[in-house]
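What follows is a set of notes on a single structure, which appears directly below.
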Amino acid sequence: MSDTPENAGAVPAETEADLTGVAARVAPKPEVEKIGGRKLKPSTLMMGHGYDPALSEGSLKPPIFLTSTFVFPNAAAGKRHFEGVTGKRPGGAEGLVYSRFNGPNQEILEDRLGVWEEAEDALAFSSGMSAIATLFLAMVKPGDTIVHSGPLYAATETLIGRVLGKFGVKWLDFPAGATREEIDAVMTEAATGNVALIYLESPANPTNALVDVEAVAASRDAIFKGEKPPIAIDNTFLGPLWFQPLKHGADIVVYSLTKYVGGHSDLVAGGVLGTKEHINTIRTMRNTIGTITDPNTAWMLLRSLETLELRMSRAGENAAKVCGFLRHHPKVERVAYLGFLEDEPGMERQADIYRRHCTGGGSTFSLYLKGGERESFAFLDALKIAKLAVSLGGTETLASHPAGMTHLSVPDARKQALGITDNLVRISIGVEDPDDLIADFEQALDTI
């Protein structure tokens with residue numbers, strides 16, 4: 001990962017000169033990651049990590065580098081950079097080359113994304129789905145099997161089943177709340193072929209069911225001998241504040257940065273974090289197909305990262321208060337909110353996963369109304385503060401109908417099996433006043 005725009009990925013002067021004859025670039029100031037033995041928190045590092053103002057005319061914030069290509073100091077430097085870009089030498093370019101491969105804004109963003117989960121490396125993409133698609137294309141080949149939890153985001157299921165399926169990629173899945181025994185059964189069946197990737201989503205979209213990542217990792221390690229397939233997980237709903245999967249056995253973490261990280265419903269982007277080995281593999285594919293995010297979006301994400309903890313904390317507090325009201329309303333069948341798992345009969349296993357994996361209940365949940373599509377639509381159409389729109393994790397409260405919107409393309413039988421019913425409304429709570437939100441939900445429920 002990089003240090004500054006003008007010095008992105010530079011190697012020490014003597015090393016570069018000895019190996020390539022490349023003139024050394026100006027070194028940035030050392031990163032401040034500790035003070036008096038105290039390790040600085042991510043919320044502090046978001047204000048300057050990976051960027052030295054002295055190398056950008058003293059600009060407090062990184063400029064937006066709107067350029068398609070970068071000038072090499074000499075021909076030897078150009079050769080060495082392209083050795084990294086093409087994968088001939090691991091680790092990517094040791095400098096700035098071309099904006100399909102890297103750029104100052106993107107590299108600073110990737111540095112800061114990795115901080116939250118102490119990941120070895122990170123990559124930024126043009127959307128969450130481009131991040132997922134690039135991951136799959138980098139990891140699987142015809143004849144391979146993907147083992148995944150279910151449900152997944154509908155576009156992810158479509159990508160696995162309909163797109164990759166056309167190229168001979170197979171899949172097996174287990175329900176998000178599966179026990180170790182259920183996971184073992186699917187893993188054992190899959191192990192008769194070549195499992196290239198284990199892909200999880202937790203909480204599941206839109207049911208909010210948690211996956212036991214530790215059980216999945218234990219199952220993988222017990223069943224697969226020799227080289228073990230990596231475990232990747234979509235952490236969009238809870239990450240990075242309320243869940244950090246790398247600490248629980250995952251190898252790769254995927255994000256729609258559109259959601260909480262972007263947080264203002266004004267951009268689309270994706271991210272992948274993990275070990276340098278896996279990120280190098282994914283980077284090579286990204287370099288080839290060009291799914292990197294643009295510099296302006298990367299700059300906007302740097303802005304958003306500065307308030308990420310504040311926004312997520314407020315939204316989480318709001319969600320707890322709103323869900324406390326909704327769970328007792330006579331027109332509500334159930335509220336699938338992670339903060340209630342400890343009190344719900346029959347949810348002991350989910351509560352156990354929550355205790356081990358999560359530090360908060362999040363701000364996105366599923367509301368099951370008494371009735372079906374008619375009642376759900378009436379509720380949604382009556383909202384005055386909450387906006388009827390897909391997505392989540394923004395500063396505003398959003399509500400949608402998964403069965404008729406985001407998961408419309410999922411076959412009816414699979415929707416029923418996964419619990420994506422007509423009376424399910426997905427809600428993402430924002431940072432408005434919580435009592436105003438309660439008043440809005442109350443009047444909307446009164447219209448049913």
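Simple scheme: letters A, B, ... for chains in structure tokens order, numbers from 1 for residues in each chain, numbers from 1 for ligands in the order shown.
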
- Query: If you count only C-alpha atoms, which residues fall within 10 Å of Ala133 (chain A), apart from same-chain ones fewer than 3 positions away, as number ranges by chain?
  - Reply: A: 127-130, 136-139, 156, 159-160, 164, 286, 291

Selected residues written out with N, CA, C and O atoms, as a PDB file, in the first residue's frame:
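So the final result, stored in part_3.pdb, reads:
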```pdb
ATOM      1  N   SER A 127     -17.842  -0.422  -7.768  1.00  0.00           N
ATOM      2  CA  SER A 127     -19.115  -0.720  -7.095  1.00  0.00           C
ATOM      3  C   SER A 127     -18.906  -1.953  -6.227  1.00  0.00           C
ATOM      4  O   SER A 127     -17.899  -2.660  -6.374  1.00  0.00           O
ATOM      5  N   GLY A 128     -19.878  -2.207  -5.357  1.00  0.00           N
ATOM      6  CA  GLY A 128     -19.789  -3.432  -4.568  1.00  0.00           C
ATOM      7  C   GLY A 128     -19.826  -4.670  -5.445  1.00  0.00           C
ATOM      8  O   GLY A 128     -19.090  -5.630  -5.224  1.00  0.00           O
ATOM      9  N   MET A 129     -20.688  -4.668  -6.459  1.00  0.00           N
ATOM     10  CA  MET A 129     -20.780  -5.829  -7.339  1.00  0.00           C
ATOM     11  C   MET A 129     -19.546  -5.989  -8.214  1.00  0.00           C
ATOM     12  O   MET A 129     -19.163  -7.111  -8.542  1.00  0.00           O
ATOM     13  N   SER A 130     -18.891  -4.896  -8.579  1.00  0.00           N
ATOM     14  CA  SER A 130     -17.649  -5.051  -9.346  1.00  0.00           C
ATOM     15  C   SER A 130     -16.559  -5.643  -8.461  1.00  0.00           C
ATOM     16  O   SER A 130     -15.709  -6.416  -8.926  1.00  0.00           O
ATOM     17  N   PHE A 136     -14.592 -13.108  -7.670  1.00  0.00           N
ATOM     18  CA  PHE A 136     -14.951 -14.412  -8.227  1.00  0.00           C
ATOM     19  C   PHE A 136     -14.097 -14.748  -9.451  1.00  0.00           C
ATOM     20  O   PHE A 136     -13.594 -15.873  -9.594  1.00  0.00           O
ATOM     21  N   LEU A 137     -13.938 -13.784 -10.355  1.00  0.00           N
ATOM     22  CA  LEU A 137     -13.166 -14.041 -11.575  1.00  0.00           C
ATOM     23  C   LEU A 137     -11.707 -14.348 -11.259  1.00  0.00           C
ATOM     24  O   LEU A 137     -11.051 -15.113 -11.975  1.00  0.00           O
ATOM     25  N   ALA A 138     -11.197 -13.748 -10.186  1.00  0.00           N
ATOM     26  CA  ALA A 138      -9.804 -13.991  -9.806  1.00  0.00           C
ATOM     27  C   ALA A 138      -9.614 -15.354  -9.155  1.00  0.00           C
ATOM     28  O   ALA A 138      -8.522 -15.937  -9.230  1.00  0.00           O
ATOM     29  N   MET A 139     -10.670 -15.875  -8.522  1.00  0.00           N
ATOM     30  CA  MET A 139     -10.518 -17.065  -7.698  1.00  0.00           C
ATOM     31  C   MET A 139     -10.999 -18.366  -8.352  1.00  0.00           C
ATOM     32  O   MET A 139     -10.536 -19.440  -7.973  1.00  0.00           O
ATOM     33  N   THR A 156     -25.612 -11.024  -6.262  1.00  0.00           N
ATOM     34  CA  THR A 156     -24.541 -11.988  -6.024  1.00  0.00           C
ATOM     35  C   THR A 156     -25.004 -13.394  -6.362  1.00  0.00           C
ATOM     36  O   THR A 156     -24.272 -14.175  -6.996  1.00  0.00           O
ATOM     37  N   LEU A 159     -25.073 -13.681 -10.076  1.00  0.00           N
ATOM     38  CA  LEU A 159     -23.719 -13.796 -10.613  1.00  0.00           C
ATOM     39  C   LEU A 159     -23.195 -15.224 -10.478  1.00  0.00           C
ATOM     40  O   LEU A 159     -22.612 -15.773 -11.420  1.00  0.00           O
ATOM     41  N   ILE A 160     -23.422 -15.841  -9.322  1.00  0.00           N
ATOM     42  CA  ILE A 160     -22.941 -17.211  -9.105  1.00  0.00           C
ATOM     43  C   ILE A 160     -23.730 -18.205  -9.948  1.00  0.00           C
ATOM     44  O   ILE A 160     -23.152 -19.011 -10.688  1.00  0.00           O
ATOM     45  N   LEU A 164     -21.711 -17.125 -13.734  1.00  0.00           N
ATOM     46  CA  LEU A 164     -20.604 -18.074 -13.625  1.00  0.00           C
ATOM     47  C   LEU A 164     -21.057 -19.484 -13.996  1.00  0.00           C
ATOM     48  O   LEU A 164     -20.265 -20.287 -14.506  1.00  0.00           O
ATOM     49  N   ARG A 286      -8.169  -7.096 -11.305  1.00  0.00           N
ATOM     50  CA  ARG A 286      -8.674  -5.724 -11.409  1.00  0.00           C
ATOM     51  C   ARG A 286      -7.893  -4.924 -12.438  1.00  0.00           C
ATOM     52  O   ARG A 286      -8.466  -4.146 -13.214  1.00  0.00           O
ATOM     53  N   THR A 291     -11.777  -2.554 -13.021  1.00  0.00           N
ATOM     54  CA  THR A 291     -12.903  -2.296 -12.126  1.00  0.00           C
ATOM     55  C   THR A 291     -12.545  -1.390 -10.946  1.00  0.00           C
ATOM     56  O   THR A 291     -13.272  -1.317  -9.964  1.00  0.00           O
TER      57      THR A 291
END
```

- Run DSSP on the backbone of this structure and report the residues of region 325-407 of chain A it assigns to strand (DSSP E or B), as number ranges by chain. A: 332-336, 358, 364-369, 387-388, 398-400

- Message: One decimal, in Å: what's the spacing between CA of Leu310 (chain A) and CA of Leu45 (chain A)?
- Response: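 Pair CA of Leu310 (chain A) / CA of Leu45 (chain A) returns 14.2 Å.
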
- Item | Point-to-point distance from CA of Asn208 (chain A) to CA of Gly339 (chain A), Å rounded to tenths | 11.1 Å

- Query: Of the candidates A:Glu31, A:Asp212, A:Glu348, A:Glu157, which one gets nearest to Gly177 (chain A) if we count only C-alpha atoms?
  - Reply: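 Of A:Glu31, A:Asp212, A:Glu348, A:Glu157, the one nearest Gly177 (chain A), counting only C-alpha atoms, is A:Asp212.
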
- Message: I want to know what sits within 9 Å of Thr297 (chain A), based on only C-alpha atoms, with residues of the same chain fewer than 4 positions away left out; could you give that as a list in words?
- Response: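 With the cut-off at 9 Å, the set is Asn105, Gln106, Ser126, Leu267, Val268, Ala269, Thr293, Leu301 and Leu302 of chain A.
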
Next, dump the selected residues to file, keeping only N, CA and C atoms, as a compact mmCIF listing (two decimals), in the first residue's frame.
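Just written: part34.txt:
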```txt
# COMPACT_ATOMS: atom_id res chain seq x y z
N ASN A 105 -5.45 9.02 -5.06
CA ASN A 105 -6.65 9.00 -4.22
C ASN A 105 -7.05 7.58 -3.87
N GLN A 106 -6.97 6.69 -4.85
CA GLN A 106 -7.35 5.30 -4.59
C GLN A 106 -6.39 4.64 -3.60
N SER A 126 -15.20 0.05 -8.43
CA SER A 126 -16.21 0.98 -8.93
C SER A 126 -17.59 0.74 -8.36
N LEU A 267 -22.67 8.19 -3.83
CA LEU A 267 -21.62 7.53 -4.59
C LEU A 267 -21.88 6.04 -4.64
N VAL A 268 -21.18 5.37 -5.56
CA VAL A 268 -21.22 3.91 -5.67
C VAL A 268 -19.79 3.42 -5.72
N ALA A 269 -19.44 2.48 -4.85
CA ALA A 269 -18.07 1.96 -4.80
C ALA A 269 -18.04 0.65 -4.03
N THR A 293 -12.15 1.99 -8.68
CA THR A 293 -12.97 3.18 -8.52
C THR A 293 -12.26 4.39 -9.11
N LEU A 301 -14.90 9.20 -0.65
CA LEU A 301 -14.85 8.17 0.39
C LEU A 301 -13.87 8.55 1.49
N LEU A 302 -12.77 9.21 1.13
CA LEU A 302 -11.84 9.69 2.16
C LEU A 302 -12.54 10.69 3.07
```
